[in-house]
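Raw target_31.tsv, TSV, C-alpha atoms:
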chain	number	residue	atom	x	y	z
A	1	MET	CA	0.00	0.00	0.00
A	2	THR	CA	1.44	3.37	-1.00
A	3	ASP	CA	1.41	6.39	1.29
A	4	SER	CA	-1.40	8.00	-0.73
A	5	THR	CA	-3.61	4.90	-0.67
A	6	ARG	CA	-2.93	4.47	3.04
A	7	ALA	CA	-3.97	8.10	3.56
A	8	VAL	CA	-7.26	7.50	1.71
A	9	ALA	CA	-7.94	4.38	3.74
A	10	ASN	CA	-7.25	6.24	6.98
A	11	ASP	CA	-8.89	9.51	5.96
A	12	ARG	CA	-12.30	8.80	7.52
A	13	ARG	CA	-11.55	6.66	10.54
A	14	PRO	CA	-8.50	5.13	12.11
A	15	SER	CA	-8.19	1.37	12.24
A	16	GLN	CA	-9.14	0.14	15.67
A	17	ALA	CA	-9.15	-3.13	17.51
A	18	PRO	CA	-12.54	-4.82	17.81
A	19	ALA	CA	-14.51	-3.56	20.78
A	20	GLU	CA	-15.04	-5.80	23.77
A	21	LEU	CA	-18.77	-6.56	23.67
A	22	ASP	CA	-20.66	-8.65	26.17
A	23	GLU	CA	-24.09	-10.22	25.58
A	24	ILE	CA	-25.90	-7.12	26.88
A	25	ASP	CA	-24.02	-4.89	24.42
A	26	ARG	CA	-24.80	-7.30	21.58
A	27	SER	CA	-28.47	-7.38	22.55
A	28	ILE	CA	-28.61	-3.59	22.64
A	29	LEU	CA	-27.01	-3.44	19.18
A	30	ARG	CA	-29.42	-6.01	17.69
A	31	ILE	CA	-32.45	-4.14	19.04
A	32	LEU	CA	-31.20	-0.68	18.00
A	33	ARG	CA	-30.33	-2.00	14.54
A	34	ALA	CA	-33.93	-3.12	14.12
A	35	ASN	CA	-35.39	0.06	15.64
A	36	ALA	CA	-33.07	2.91	16.58
A	37	ARG	CA	-36.06	4.95	17.76
A	38	ILE	CA	-37.03	2.56	20.56
A	39	PRO	CA	-37.43	4.49	23.83
A	40	ASN	CA	-34.71	3.82	26.40
A	41	ASN	CA	-37.11	2.37	28.95
A	42	GLN	CA	-38.38	-0.19	26.40
A	43	LEU	CA	-34.83	-1.01	25.30
A	44	ALA	CA	-33.78	-1.51	28.92
A	45	GLU	CA	-36.79	-3.75	29.59
A	46	ARG	CA	-36.11	-5.90	26.52
A	47	VAL	CA	-32.45	-6.29	27.46
A	48	GLY	CA	-33.23	-6.87	31.15
A	49	ILE	CA	-31.32	-3.98	32.71
A	50	ALA	CA	-32.20	-0.75	34.50
A	51	PRO	CA	-32.96	2.29	32.31
A	52	SER	CA	-30.02	4.23	33.80
A	53	THR	CA	-27.69	1.32	33.02
A	54	CYS	CA	-29.09	1.16	29.51
A	55	VAL	CA	-28.41	4.86	28.87
A	56	ALA	CA	-24.83	4.38	30.11
A	57	ARG	CA	-24.36	1.29	27.91
A	58	VAL	CA	-25.61	3.05	24.75
A	59	LYS	CA	-23.45	6.10	25.55
A	60	SER	CA	-20.44	3.80	25.99
A	61	LEU	CA	-21.14	2.10	22.64
A	62	VAL	CA	-21.21	5.53	20.97
A	63	THR	CA	-18.07	6.76	22.78
A	64	ARG	CA	-16.15	3.61	21.84
A	65	GLY	CA	-17.12	4.04	18.19
A	66	VAL	CA	-19.22	0.87	18.03
A	67	ILE	CA	-22.33	2.91	17.24
A	68	THR	CA	-21.29	5.51	14.68
A	69	GLY	CA	-24.62	7.28	14.34
A	70	PHE	CA	-28.38	7.10	14.28
A	71	THR	CA	-30.10	7.74	11.00
A	72	ALA	CA	-33.37	7.61	9.11
A	73	ASN	CA	-33.41	5.48	5.98
A	74	VAL	CA	-35.08	7.46	3.20
A	75	ASP	CA	-36.52	5.85	0.06
A	76	PRO	CA	-34.70	7.79	-2.69
A	77	SER	CA	-37.63	7.60	-5.13
A	78	SER	CA	-39.92	9.24	-2.57
A	79	VAL	CA	-37.77	12.38	-2.73
A	80	GLY	CA	-37.45	12.41	-6.52
A	81	LEU	CA	-34.26	10.37	-6.84
A	82	SER	CA	-35.60	7.50	-8.91
A	83	LEU	CA	-32.30	6.26	-10.35
A	84	GLN	CA	-29.39	4.74	-8.45
A	85	ALA	CA	-26.05	3.82	-9.98
A	86	LEU	CA	-22.69	2.38	-9.00
A	87	ILE	CA	-19.79	4.18	-10.62
A	88	SER	CA	-16.41	2.43	-10.66
A	89	VAL	CA	-13.44	4.78	-10.83
A	90	THR	CA	-9.89	3.91	-11.79
A	91	ILE	CA	-7.13	6.38	-10.95
A	92	ARG	CA	-4.35	7.21	-13.41
A	93	ALA	CA	-1.07	5.50	-12.49
A	94	GLY	CA	0.75	8.83	-12.11
A	95	ALA	CA	-2.00	10.42	-10.05
A	96	ARG	CA	-2.01	8.30	-6.89
A	97	ASN	CA	-1.01	11.40	-4.93
A	98	LEU	CA	-4.44	12.91	-5.79
A	99	MET	CA	-6.48	10.02	-4.33
A	100	VAL	CA	-7.00	11.64	-0.93
A	101	GLU	CA	-8.17	14.87	-2.55
A	102	LEU	CA	-10.51	13.00	-4.90
A	103	GLY	CA	-11.99	10.93	-2.07
A	104	GLN	CA	-12.67	14.08	-0.05
A	105	GLU	CA	-14.26	15.79	-3.05
A	106	ILE	CA	-16.49	12.82	-3.85
A	107	ARG	CA	-17.84	12.69	-0.28
A	108	GLN	CA	-19.07	16.28	-0.60
A	109	PHE	CA	-21.40	15.70	-3.56
A	110	PRO	CA	-25.06	15.46	-2.48
A	111	GLU	CA	-25.72	12.65	-4.98
A	112	VAL	CA	-23.28	10.32	-3.19
A	113	VAL	CA	-24.97	7.73	-0.98
A	114	GLN	CA	-21.87	5.64	-0.28
A	115	LEU	CA	-18.20	5.70	-1.24
A	116	TYR	CA	-15.97	2.64	-1.24
A	117	PHE	CA	-12.17	2.80	-1.48
A	118	LEU	CA	-11.00	-0.51	-2.94
A	119	GLY	CA	-8.03	-2.70	-3.59
A	120	GLY	CA	-8.27	-4.36	-6.98
A	121	ALA	CA	-9.01	-3.28	-10.54
A	122	GLU	CA	-11.00	-0.20	-9.49
A	123	ASP	CA	-9.94	2.32	-6.89
A	124	PHE	CA	-13.36	3.63	-5.88
A	125	ILE	CA	-16.98	2.61	-6.23
A	126	ILE	CA	-19.43	5.44	-5.79
A	127	HIS	CA	-23.10	4.75	-5.06
A	128	VAL	CA	-25.23	7.66	-6.25
A	129	ALA	CA	-28.95	8.44	-6.17
A	130	VAL	CA	-30.16	10.89	-8.83
A	131	ARG	CA	-33.26	12.03	-10.73
A	132	ASP	CA	-32.56	10.35	-14.05
A	133	SER	CA	-29.93	9.09	-16.48
A	134	ALA	CA	-29.02	12.64	-17.52
A	135	ALA	CA	-28.09	13.38	-13.90
A	136	VAL	CA	-25.83	10.31	-13.80
A	137	ARG	CA	-24.17	11.41	-17.03
A	138	ASP	CA	-23.67	14.94	-15.70
A	139	PHE	CA	-22.24	13.62	-12.41
A	140	VAL	CA	-19.71	11.44	-14.24
A	141	LEU	CA	-18.73	14.08	-16.80
A	142	ASP	CA	-18.59	17.07	-14.45
A	143	ASN	CA	-17.13	15.48	-11.33
A	144	LEU	CA	-15.16	12.43	-12.40
A	145	SER	CA	-14.09	12.41	-16.05
A	146	ALA	CA	-12.92	16.02	-15.76
A	147	HIS	CA	-10.80	15.27	-12.68
A	148	PRO	CA	-7.05	15.04	-13.42
A	149	ALA	CA	-6.66	11.91	-11.27
A	150	VAL	CA	-9.31	9.83	-13.04
A	151	ALA	CA	-8.24	7.43	-15.79
A	152	SER	CA	-11.62	5.80	-16.40
A	153	THR	CA	-15.11	5.26	-15.05
A	154	ARG	CA	-17.69	2.52	-15.53
A	155	THR	CA	-21.33	3.02	-14.58
A	156	SER	CA	-23.79	0.29	-13.63
A	157	LEU	CA	-27.46	1.03	-12.99
A	158	VAL	CA	-29.02	-0.34	-9.82
A	159	PHE	CA	-32.33	-2.05	-10.54
A	160	ASP	CA	-33.02	-2.98	-6.93
A	161	HIS	CA	-31.22	-2.32	-3.67
A	162	ASP	CA	-31.78	-3.99	-0.34
A	163	TYR	CA	-29.75	-2.90	2.64
A	164	SER	CA	-30.16	-4.99	5.74
A	165	GLY	CA	-27.25	-3.51	7.64
A	166	LEU	CA	-24.64	-5.28	9.68
A	167	SER	CA	-25.93	-8.28	11.58
A	168	ILE	CA	-24.78	-8.65	15.15
A	169	ALA	CA	-23.73	-12.18	15.97
A	170	PRO	CA	-24.87	-13.50	19.33

Representation of the structure as structure tokens:
Amino acid sequence: MTDSTRAVANDRRPSQAPAELDEIDRSILRILRANARIPNNQLAERVGIAPSTCVARVKSLVTRGVITGFTANVDPSSVGLSLQALISVTIRAGARNLMVELGQEIRQFPEVVQLYFLGGAEDFIIHVAVRDSAAVRDFVLDNLSAHPAVASTRTSLVFDHDYSGLSIAP
């Protein structure tokens, strides 16, 4: 791994050792994954601990970086973004030093749902949600093909997408 690829990999979050999780932590994670809006008193009851202990446990999971956020999943088509695509990006051999910059730029675009930094034939895969095929074309032409680091792109349309999230083993 070169210094520039290492910098991209470490740009968002440092590598960390797996967190020590007991069965109560795992239960909390399974329940929150299914319903992050569950009231604390109901979560505590389902896990079998006091509400004050439950609040402390959830806070600890957040502080330790096990829980990285709470979010609402939005159906893209319900907000006018009826087309999703995966865009594979390959960086020019002489432009590896621009990978960190490109990764930071890509994250800022509102169309970007997810960004993957890869090892293999492609360097990035970008998941976008947009209005239509013209918006995908414009995104690729304006933001990727025009970038000095980009050698090539390949776009695949997403016909269906199901995200179940990370499962928490018992």

Do a neighbour search on stretch 67-72 of chain A at 10 Å with only C-alpha atoms, toss out local chain neighbours closer than 5 positions, and write the hits as a PyMOL selection string. chain A and resi 29+32-33+36-37+58-62

For atom CA of A:Ser145 and atom CA of A:Val79, quote the distance in Å rounded to one decimal. 27.2 Å

Applying 12 Å and only C-alpha atoms, which residues near A:Val55 remain after dropping the ones on its own chain fewer than 4 positions away? List them as a PDB file with C-alpha atoms, in the coordinates of the input.
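File produced: selection.pdb:
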ATOM      1  CA  ASP A  25     -24.020  -4.890  24.420  1.00  0.00           C
ATOM      2  CA  ILE A  28     -28.610  -3.590  22.640  1.00  0.00           C
ATOM      3  CA  PRO A  39     -37.430   4.490  23.830  1.00  0.00           C
ATOM      4  CA  ASN A  40     -34.710   3.820  26.400  1.00  0.00           C
ATOM      5  CA  ASN A  41     -37.110   2.370  28.950  1.00  0.00           C
ATOM      6  CA  GLN A  42     -38.380  -0.190  26.400  1.00  0.00           C
ATOM      7  CA  LEU A  43     -34.830  -1.010  25.300  1.00  0.00           C
ATOM      8  CA  ALA A  44     -33.780  -1.510  28.920  1.00  0.00           C
ATOM      9  CA  VAL A  47     -32.450  -6.290  27.460  1.00  0.00           C
ATOM     10  CA  ILE A  49     -31.320  -3.980  32.710  1.00  0.00           C
ATOM     11  CA  ALA A  50     -32.200  -0.750  34.500  1.00  0.00           C
ATOM     12  CA  PRO A  51     -32.960   2.290  32.310  1.00  0.00           C
ATOM     13  CA  LYS A  59     -23.450   6.100  25.550  1.00  0.00           C
ATOM     14  CA  SER A  60     -20.440   3.800  25.990  1.00  0.00           C
ATOM     15  CA  LEU A  61     -21.140   2.100  22.640  1.00  0.00           C
ATOM     16  CA  VAL A  62     -21.210   5.530  20.970  1.00  0.00           C
TER      17      VAL A  62
END

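What separates atom CA of A:Phe109 from atom CA of A:Ala135 is a distance of 12.5 Å.
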
Would you mind reading off the distance between atom CA of A:Leu115 and atom CA of A:Gly103, one decimal, in Å?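 Separating atom CA of A:Leu115 from atom CA of A:Gly103 is a distance of 8.2 Å.
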
Calculate, to one decimal in Å, the centre and edge lengths of the box along x, y and z of the file that holds all listed atoms of stretch 152-158 of chain A with 5 Å of margin on each side, and present them as AutoDock Vina command-line options.
--center_x -20.3 --center_y 2.7 --center_z -13.1 --size_x 27.4 --size_y 16.1 --size_z 16.6

Neighbour list for A:Asn73 as a PyMOL selection string, cut-off 12 Å, only C-alpha atoms, skip fewer than 4 positions in-chain: chain A and resi 33-36+78-79+113+162-165

Expected file: the selected residues, C-alpha atoms, as an mmCIF file, keeping the file's coordinate frame:
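Saved the output as selection_39.cif:
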data_model
loop_
_atom_site.group_PDB
_atom_site.id
_atom_site.type_symbol
_atom_site.label_atom_id
_atom_site.label_comp_id
_atom_site.auth_asym_id
_atom_site.auth_seq_id
_atom_site.Cartn_x
_atom_site.Cartn_y
_atom_site.Cartn_z
ATOM 1 C CA ARG A 33 -30.330 -2.000 14.540
ATOM 2 C CA ALA A 34 -33.930 -3.120 14.120
ATOM 3 C CA ASN A 35 -35.390 0.060 15.640
ATOM 4 C CA ALA A 36 -33.070 2.910 16.580
ATOM 5 C CA SER A 78 -39.920 9.240 -2.570
ATOM 6 C CA VAL A 79 -37.770 12.380 -2.730
ATOM 7 C CA VAL A 113 -24.970 7.730 -0.980
ATOM 8 C CA ASP A 162 -31.780 -3.990 -0.340
ATOM 9 C CA TYR A 163 -29.750 -2.900 2.640
ATOM 10 C CA SER A 164 -30.160 -4.990 5.740
ATOM 11 C CA GLY A 165 -27.250 -3.510 7.640
#

Ranking A:Val128, A:Val112, A:Val66, A:Leu144 by minimum distance to A:Leu86 and counting all atoms listed in the file, which one comes first?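 Looking at the shortest contact to A:Leu86, the residue is A:Val128.
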
Given only C-alpha atoms as the basis, pick out the residue of A:Ala151, A:Ile87, A:Leu102, A:Ala95 nearest to A:Ile126.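 Smallest distance to A:Ile126 is found for A:Ile87.
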
Counting only C-alpha atoms, figure out which residue out of A:Asp142, A:Asp160, A:Val136, A:Thr153 gets nearest to A:Asp75.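 Once distances to A:Asp75 are computed over only C-alpha atoms, the minimum belongs to A:Asp160.
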
Output requested as a short mmCIF file (atom, residue, chain, number, x, y, z; two decimals), keeping the file's coordinate frame - stretch 59-72 of chain A, filled out with N, CA and C atoms.
data_model
loop_
_atom_site.label_atom_id
_atom_site.label_comp_id
_atom_site.auth_asym_id
_atom_site.auth_seq_id
_atom_site.Cartn_x
_atom_site.Cartn_y
_atom_site.Cartn_z
N LYS A 59 -24.44 5.02 25.61
CA LYS A 59 -23.45 6.10 25.55
C LYS A 59 -22.04 5.52 25.39
N SER A 60 -21.74 4.45 26.09
CA SER A 60 -20.44 3.80 25.99
C SER A 60 -20.21 3.24 24.58
N LEU A 61 -21.25 2.64 24.00
CA LEU A 61 -21.14 2.10 22.64
C LEU A 61 -20.86 3.22 21.63
N VAL A 62 -21.46 4.38 21.85
CA VAL A 62 -21.21 5.53 20.97
C VAL A 62 -19.78 6.05 21.20
N THR A 63 -19.40 6.23 22.45
CA THR A 63 -18.07 6.76 22.78
C THR A 63 -16.96 5.87 22.25
N ARG A 64 -17.16 4.56 22.31
CA ARG A 64 -16.15 3.61 21.84
C ARG A 64 -16.16 3.45 20.33
N GLY A 65 -17.08 4.11 19.65
CA GLY A 65 -17.12 4.04 18.19
C GLY A 65 -17.81 2.81 17.64
N VAL A 66 -18.47 2.04 18.50
CA VAL A 66 -19.22 0.87 18.03
C VAL A 66 -20.47 1.35 17.30
N ILE A 67 -21.20 2.26 17.91
CA ILE A 67 -22.33 2.91 17.24
C ILE A 67 -21.78 4.21 16.66
N THR A 68 -21.87 4.34 15.35
CA THR A 68 -21.29 5.51 14.68
C THR A 68 -22.33 6.57 14.34
N GLY A 69 -23.60 6.29 14.60
CA GLY A 69 -24.62 7.28 14.34
C GLY A 69 -26.00 6.66 14.33
N PHE A 70 -26.98 7.51 14.37
CA PHE A 70 -28.38 7.10 14.28
C PHE A 70 -28.94 7.83 13.08
N THR A 71 -29.67 7.13 12.25
CA THR A 71 -30.10 7.74 11.00
C THR A 71 -31.48 7.26 10.60
N ALA A 72 -32.10 8.02 9.72
CA ALA A 72 -33.37 7.61 9.11
C ALA A 72 -33.06 7.13 7.70
#
